[in-house]
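A short write-up of the structure that comes next.
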Amino acid sequence: MQEFTLAQILTNLLIATQWTIALSAIAFVGGGLVGFLLMLMRISANRVIKGISILYIEFFEATPLLMQLFLVFFGISVLFGINFSAWVAAAIALTTYTSAYLGDIWRGSVEAVPQGQWEASKALGMGYFQQFRKVILPQAVRLSIPSTVGFAVQVVKGTSLASVIGFVELTRSASSISNVTFQPFLVYSLAAVIYFCLCFPLSLWSRRLERQFSYDR
Amino acid sequence: MDYTPQFSVVWNNLGLFAQGIFLTLQIVVVAIACGLPIGIAGALGRTSHNRLLNWLATAYVEFFRNTPFLIQLFFFFFGLPSIGVRMSSWQAAVLALAINFGAYATEIMRAGIEGIDHSQIEAGMALGFNKMQIFRHVILVPALGKIYPALVSQIVIAVLFSSVVSQISAEELTFVGNFLQSRTFRSFEIYLAISLMYVGLVWVIKLIAYGIQQKFFAFTKYIR
C-alpha cells in the first residue's frame, strides 16, 4: 500500500483550492451583476418590479444554501430534463445566493444616501438615471465597499457546500484524501488552515475599510 | 418539459416533515442555548485587559468565523475520533453549531459591551440610582436592546446552517428530504417544499422576535 507524505497531501489540497477560488470568483462576479440588477429593481417606483426583487431576496435569504444547491442540481434537472454538471449547478446556486445578499447590502447603501441628494440633483435638472449614476451611486459605492468585501468571506465559505453535490474543490478533496489516508484529523485541519488563509485577509481588509470610511465621514 | 410535478409525495409525508422541523428546531435551540454562554464568555475575553484571555478569545472568534461550517463539522465528527474523542452525529452537530454560533455571538456582544457610553452611567448616578438599578436599567437592558436585532439575524443563520448537519447524518429537516428523495426520486417537489418550510420557519422566528422587541425593547427607537 502506498503511503502519503504530508507534502503530497498538502499539494493535492492546494490544487483543489484553485477550484474553490475559481468558484468563489464566478459566484462573486455573477452574483454582483445579478445583485446590481436586483438593487435597481428594489429601488424602482414600479410596484411589480419592486415586488419581484423583494420576493427573490426574501426567498434566497431565508433558505439554506444547501437546499438551493439541491434544488438546482436535483430539482431543476428533473423538472426541465437538463442535466447540469456539478460545476454548473454549483455556479448557478452560488450566484443566486450571492446576488440576493449583495442586492440587499447594496439597497441598504443606496438608501443610506440622504434623500436630499436625490432632490438636489433633481433640482439641477438631471433625469432619474443621471441622478442615480452621477450623484447617488458614487456615494453608495463608498458606503457599500466594507460590507461587500465582508460578504466575500461568506461566499468563499459557501463554496465548501458545493462538495456535497460532488464538485471537487477543497472540502471534497479533503474528504477524499482523508478517506484514503485515514488521517481525518490532519487533513481537515490543513483544509481549515487553507480556508483561513483565504478568508482572514479578506476579513481584515473589510474591517480596515470600515474604519477608514467611518473616519472620513 | 414532459415532467409533471406531483406534490402528493409532500402531502403523504407531512408527518415526516413535521418531525424533521421538530428535530431541526431541537438542534438549533440546544445549540443556541449552549452558544449564548460561549458568546458571553467570549465577549468578556475580547474586552478583557488580560492579554492571554484577550488573545484566546480573538483567536477563537477569527478561526471559527473564517472557516466553513462544513469543515468545522467534519473536523468534529471525523477528525476528533482519530485522537480519541468520540461523539454521535447529533452531538457533533450541536457542538459544531454551538461553537460556530458562539463565535458570531461573541462579536455581537462585544459591540454591545463597548457601546455603553460612560456618561450614561454618570447620568444614572445623578438620578440617584443605586448600583443594581444602574446595572439593570442603564447597562444591561439598553445593551441587550442594541444587540438584539443582530442576535436575531444570527439565530436565523443558525437555522439555515443547521441544514448542513444532514451531511454527517444527523437527523433533521434536510435529512428527511434526502431520505424521501432517495426513495421517491421526486427531488424537485421535495426540495421545493423543504425550501418553503425553511422560509416559513424563518418568518415565524422573525415574527416572534419582532413581538419580543415591541414588548421589551420598544425604547430602542429613542436611543442611538
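Going through the C-alpha cells in order, the chains are called A, B, and so on, while each chain numbers its residues from 1 and the ligands are numbered from 1 in the order shown.
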
Once you count only C-alpha atoms, which residues of chain B turn out to be within 9 Å of chain A? Could you give them as a PyMOL selection string?
chain B and resi 1-5+62-72+74-76+78-83+156-157+159-164+167+174+185-192+194-203

Would you export the selected residues with C-alpha atoms as a PDB file, in the first residue's frame, please?
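Below is the file that was written, out.pdb:
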```pdb
ATOM      1  CA  MET B   1     -40.900  19.774 -20.464  1.00  0.00           C
ATOM      2  CA  ASP B   2     -42.607  16.397 -20.162  1.00  0.00           C
ATOM      3  CA  TYR B   3     -42.210  16.208 -16.418  1.00  0.00           C
ATOM      4  CA  THR B   4     -45.349  16.712 -14.355  1.00  0.00           C
ATOM      5  CA  PRO B   5     -44.624  17.710 -10.790  1.00  0.00           C
ATOM      6  CA  GLU B  62     -11.269  34.685  13.999  1.00  0.00           C
ATOM      7  CA  PHE B  63     -10.709  30.992  13.415  1.00  0.00           C
ATOM      8  CA  PHE B  64     -14.363  29.988  13.518  1.00  0.00           C
ATOM      9  CA  ARG B  65     -15.572  32.972  11.515  1.00  0.00           C
ATOM     10  CA  ASN B  66     -13.049  32.425   8.755  1.00  0.00           C
ATOM     11  CA  THR B  67     -13.501  28.706   8.085  1.00  0.00           C
ATOM     12  CA  PRO B  68     -16.562  26.998   6.555  1.00  0.00           C
ATOM     13  CA  PHE B  69     -19.107  25.404   8.872  1.00  0.00           C
ATOM     14  CA  LEU B  70     -18.942  22.153   6.871  1.00  0.00           C
ATOM     15  CA  ILE B  71     -15.194  21.807   7.554  1.00  0.00           C
ATOM     16  CA  GLN B  72     -15.783  22.502  11.263  1.00  0.00           C
ATOM     17  CA  PHE B  74     -16.264  17.272   9.534  1.00  0.00           C
ATOM     18  CA  PHE B  75     -13.432  18.105  11.899  1.00  0.00           C
ATOM     19  CA  PHE B  76     -15.584  17.430  14.965  1.00  0.00           C
ATOM     20  CA  PHE B  78     -14.426  12.660  11.598  1.00  0.00           C
ATOM     21  CA  GLY B  79     -11.294  14.372  12.902  1.00  0.00           C
ATOM     22  CA  LEU B  80     -11.725  14.242  16.670  1.00  0.00           C
ATOM     23  CA  PRO B  81     -12.441  10.472  16.905  1.00  0.00           C
ATOM     24  CA  SER B  82      -8.956   9.802  15.498  1.00  0.00           C
ATOM     25  CA  ILE B  83      -7.494  11.388  18.621  1.00  0.00           C
ATOM     26  CA  VAL B 156     -31.835  32.819  11.632  1.00  0.00           C
ATOM     27  CA  ILE B 157     -28.430  31.992  10.132  1.00  0.00           C
ATOM     28  CA  VAL B 159     -31.379  27.707  11.464  1.00  0.00           C
ATOM     29  CA  LEU B 160     -30.143  27.829   7.860  1.00  0.00           C
ATOM     30  CA  PHE B 161     -26.738  26.383   8.803  1.00  0.00           C
ATOM     31  CA  SER B 162     -28.405  23.522  10.649  1.00  0.00           C
ATOM     32  CA  SER B 163     -29.343  22.031   7.251  1.00  0.00           C
ATOM     33  CA  VAL B 164     -25.645  21.259   6.740  1.00  0.00           C
ATOM     34  CA  GLN B 167     -24.107  15.706   5.839  1.00  0.00           C
ATOM     35  CA  THR B 174     -32.858  18.339   5.238  1.00  0.00           C
ATOM     36  CA  PHE B 185     -36.901  10.447  -6.844  1.00  0.00           C
ATOM     37  CA  ARG B 186     -39.322  13.383  -6.571  1.00  0.00           C
ATOM     38  CA  SER B 187     -36.401  15.719  -5.937  1.00  0.00           C
ATOM     39  CA  PHE B 188     -37.944  18.932  -7.279  1.00  0.00           C
ATOM     40  CA  GLU B 189     -41.159  18.656  -5.267  1.00  0.00           C
ATOM     41  CA  ILE B 190     -39.416  17.620  -2.069  1.00  0.00           C
ATOM     42  CA  TYR B 191     -36.662  20.223  -2.131  1.00  0.00           C
ATOM     43  CA  LEU B 192     -39.069  22.999  -3.110  1.00  0.00           C
ATOM     44  CA  ILE B 194     -38.489  21.945   2.220  1.00  0.00           C
ATOM     45  CA  SER B 195     -37.185  25.300   0.994  1.00  0.00           C
ATOM     46  CA  LEU B 196     -40.609  26.801   1.659  1.00  0.00           C
ATOM     47  CA  MET B 197     -40.679  25.179   5.096  1.00  0.00           C
ATOM     48  CA  TYR B 198     -37.375  26.899   5.917  1.00  0.00           C
ATOM     49  CA  VAL B 199     -38.833  30.185   4.672  1.00  0.00           C
ATOM     50  CA  GLY B 200     -41.820  29.609   6.969  1.00  0.00           C
ATOM     51  CA  LEU B 201     -39.590  28.763   9.922  1.00  0.00           C
ATOM     52  CA  VAL B 202     -37.524  31.894   9.375  1.00  0.00           C
ATOM     53  CA  TRP B 203     -40.659  34.034   9.143  1.00  0.00           C
TER      54      TRP B 203
END
```

With a distance cut-off of 12 Å and only C-alpha atoms, select the neighbouring residues of B:Ser48, excluding the residue or stretch itself and same-chain residues fewer than 5 positions from it, and output the selection as a list in words.
Ala41, Gly42, Ala43, Leu53, Asn54, Trp55, Leu56, Ala57, Thr58, Arg110, Ile113 and Glu114 of chain B

Which neighbours of A:Gln117 fall inside 10 Å, counting only C-alpha atoms, when residues of the same chain fewer than 6 positions from it are skipped, and could you give them as an MDAnalysis selection string?
chainID A and resid 123 131:132 135:136 139

Output as a count of residues only all residues of stretch 34-155 of chain B that backbone DSSP marks as helix (DSSP H, G or I).
103

All residues 8 Å or closer to B:Ala103, only C-alpha atoms, same chain fewer than 2 positions away omitted, as a ChimeraX atom specification
/B:38-39,42,60-62,64-65,99-101,105-107

Take the residues just selected and output them with C-alpha atoms as a compact mmCIF listing (two decimals), in the first residue's frame.
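Once everything was written out, this is result.txt:
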```txt
# COMPACT_ATOMS: atom_id res chain seq x y z
CA ILE B 38 -19.96 30.83 24.96
CA GLY B 39 -20.66 34.20 23.36
CA GLY B 42 -16.00 35.21 24.56
CA TYR B 60 -11.36 31.59 18.72
CA VAL B 61 -13.53 34.19 17.01
CA GLU B 62 -11.27 34.69 14.00
CA PHE B 64 -14.36 29.99 13.52
CA ARG B 65 -15.57 32.97 11.51
CA ILE B 99 -19.25 26.79 18.73
CA ASN B 100 -19.90 28.45 15.37
CA PHE B 101 -22.81 30.47 16.79
CA ALA B 105 -22.33 35.94 19.25
CA THR B 106 -19.01 36.96 20.80
CA GLU B 107 -18.55 39.74 18.26
```

Residues within 12 Å of B:Pro142, only C-alpha atoms, excluding chain neighbours under 3 positions, as an NGL selection string
:B and (112-113 or 115-117 or 120-121 or 134-139 or 145-148 or 213 or 216-224)

In Å and to one decimal, atom CA of A:Gly35 is distant from atom CA of A:Thr95 by 9.1 Å

Residues at most 10 Å from B:Ala18, counting only C-alpha atoms, excluding those fewer than 5 positions away in the same chain, as a ChimeraX atom specification?
/B:13,23-24,172-173,176,197

For C-alpha atoms, I'd like the residues from the last selection saved as a CSV table (one decimal), in the first residue's frame.
```
chain,number,residue,atom,x,y,z
B,13,ASN,CA,-45.4,12.5,4.2
B,23,LEU,CA,-35.7,17.9,15.1
B,24,THR,CA,-34.2,21.0,13.3
B,172,GLU,CA,-33.3,17.0,10.8
B,173,LEU,CA,-35.4,18.6,8.1
B,176,VAL,CA,-35.7,13.9,5.9
B,197,MET,CA,-40.7,25.2,5.1
```

Shell around B:Pro149 at 10 Å using only C-alpha atoms, local window under 2 positions removed, as a ChimeraX atom specification:
/B:108,144-147,151-155,206,209-210,213

Just give me the gap between atom CA of A:Thr20 and atom CA of B:Ala92 in Å, one decimal is fine.
25.3 Å
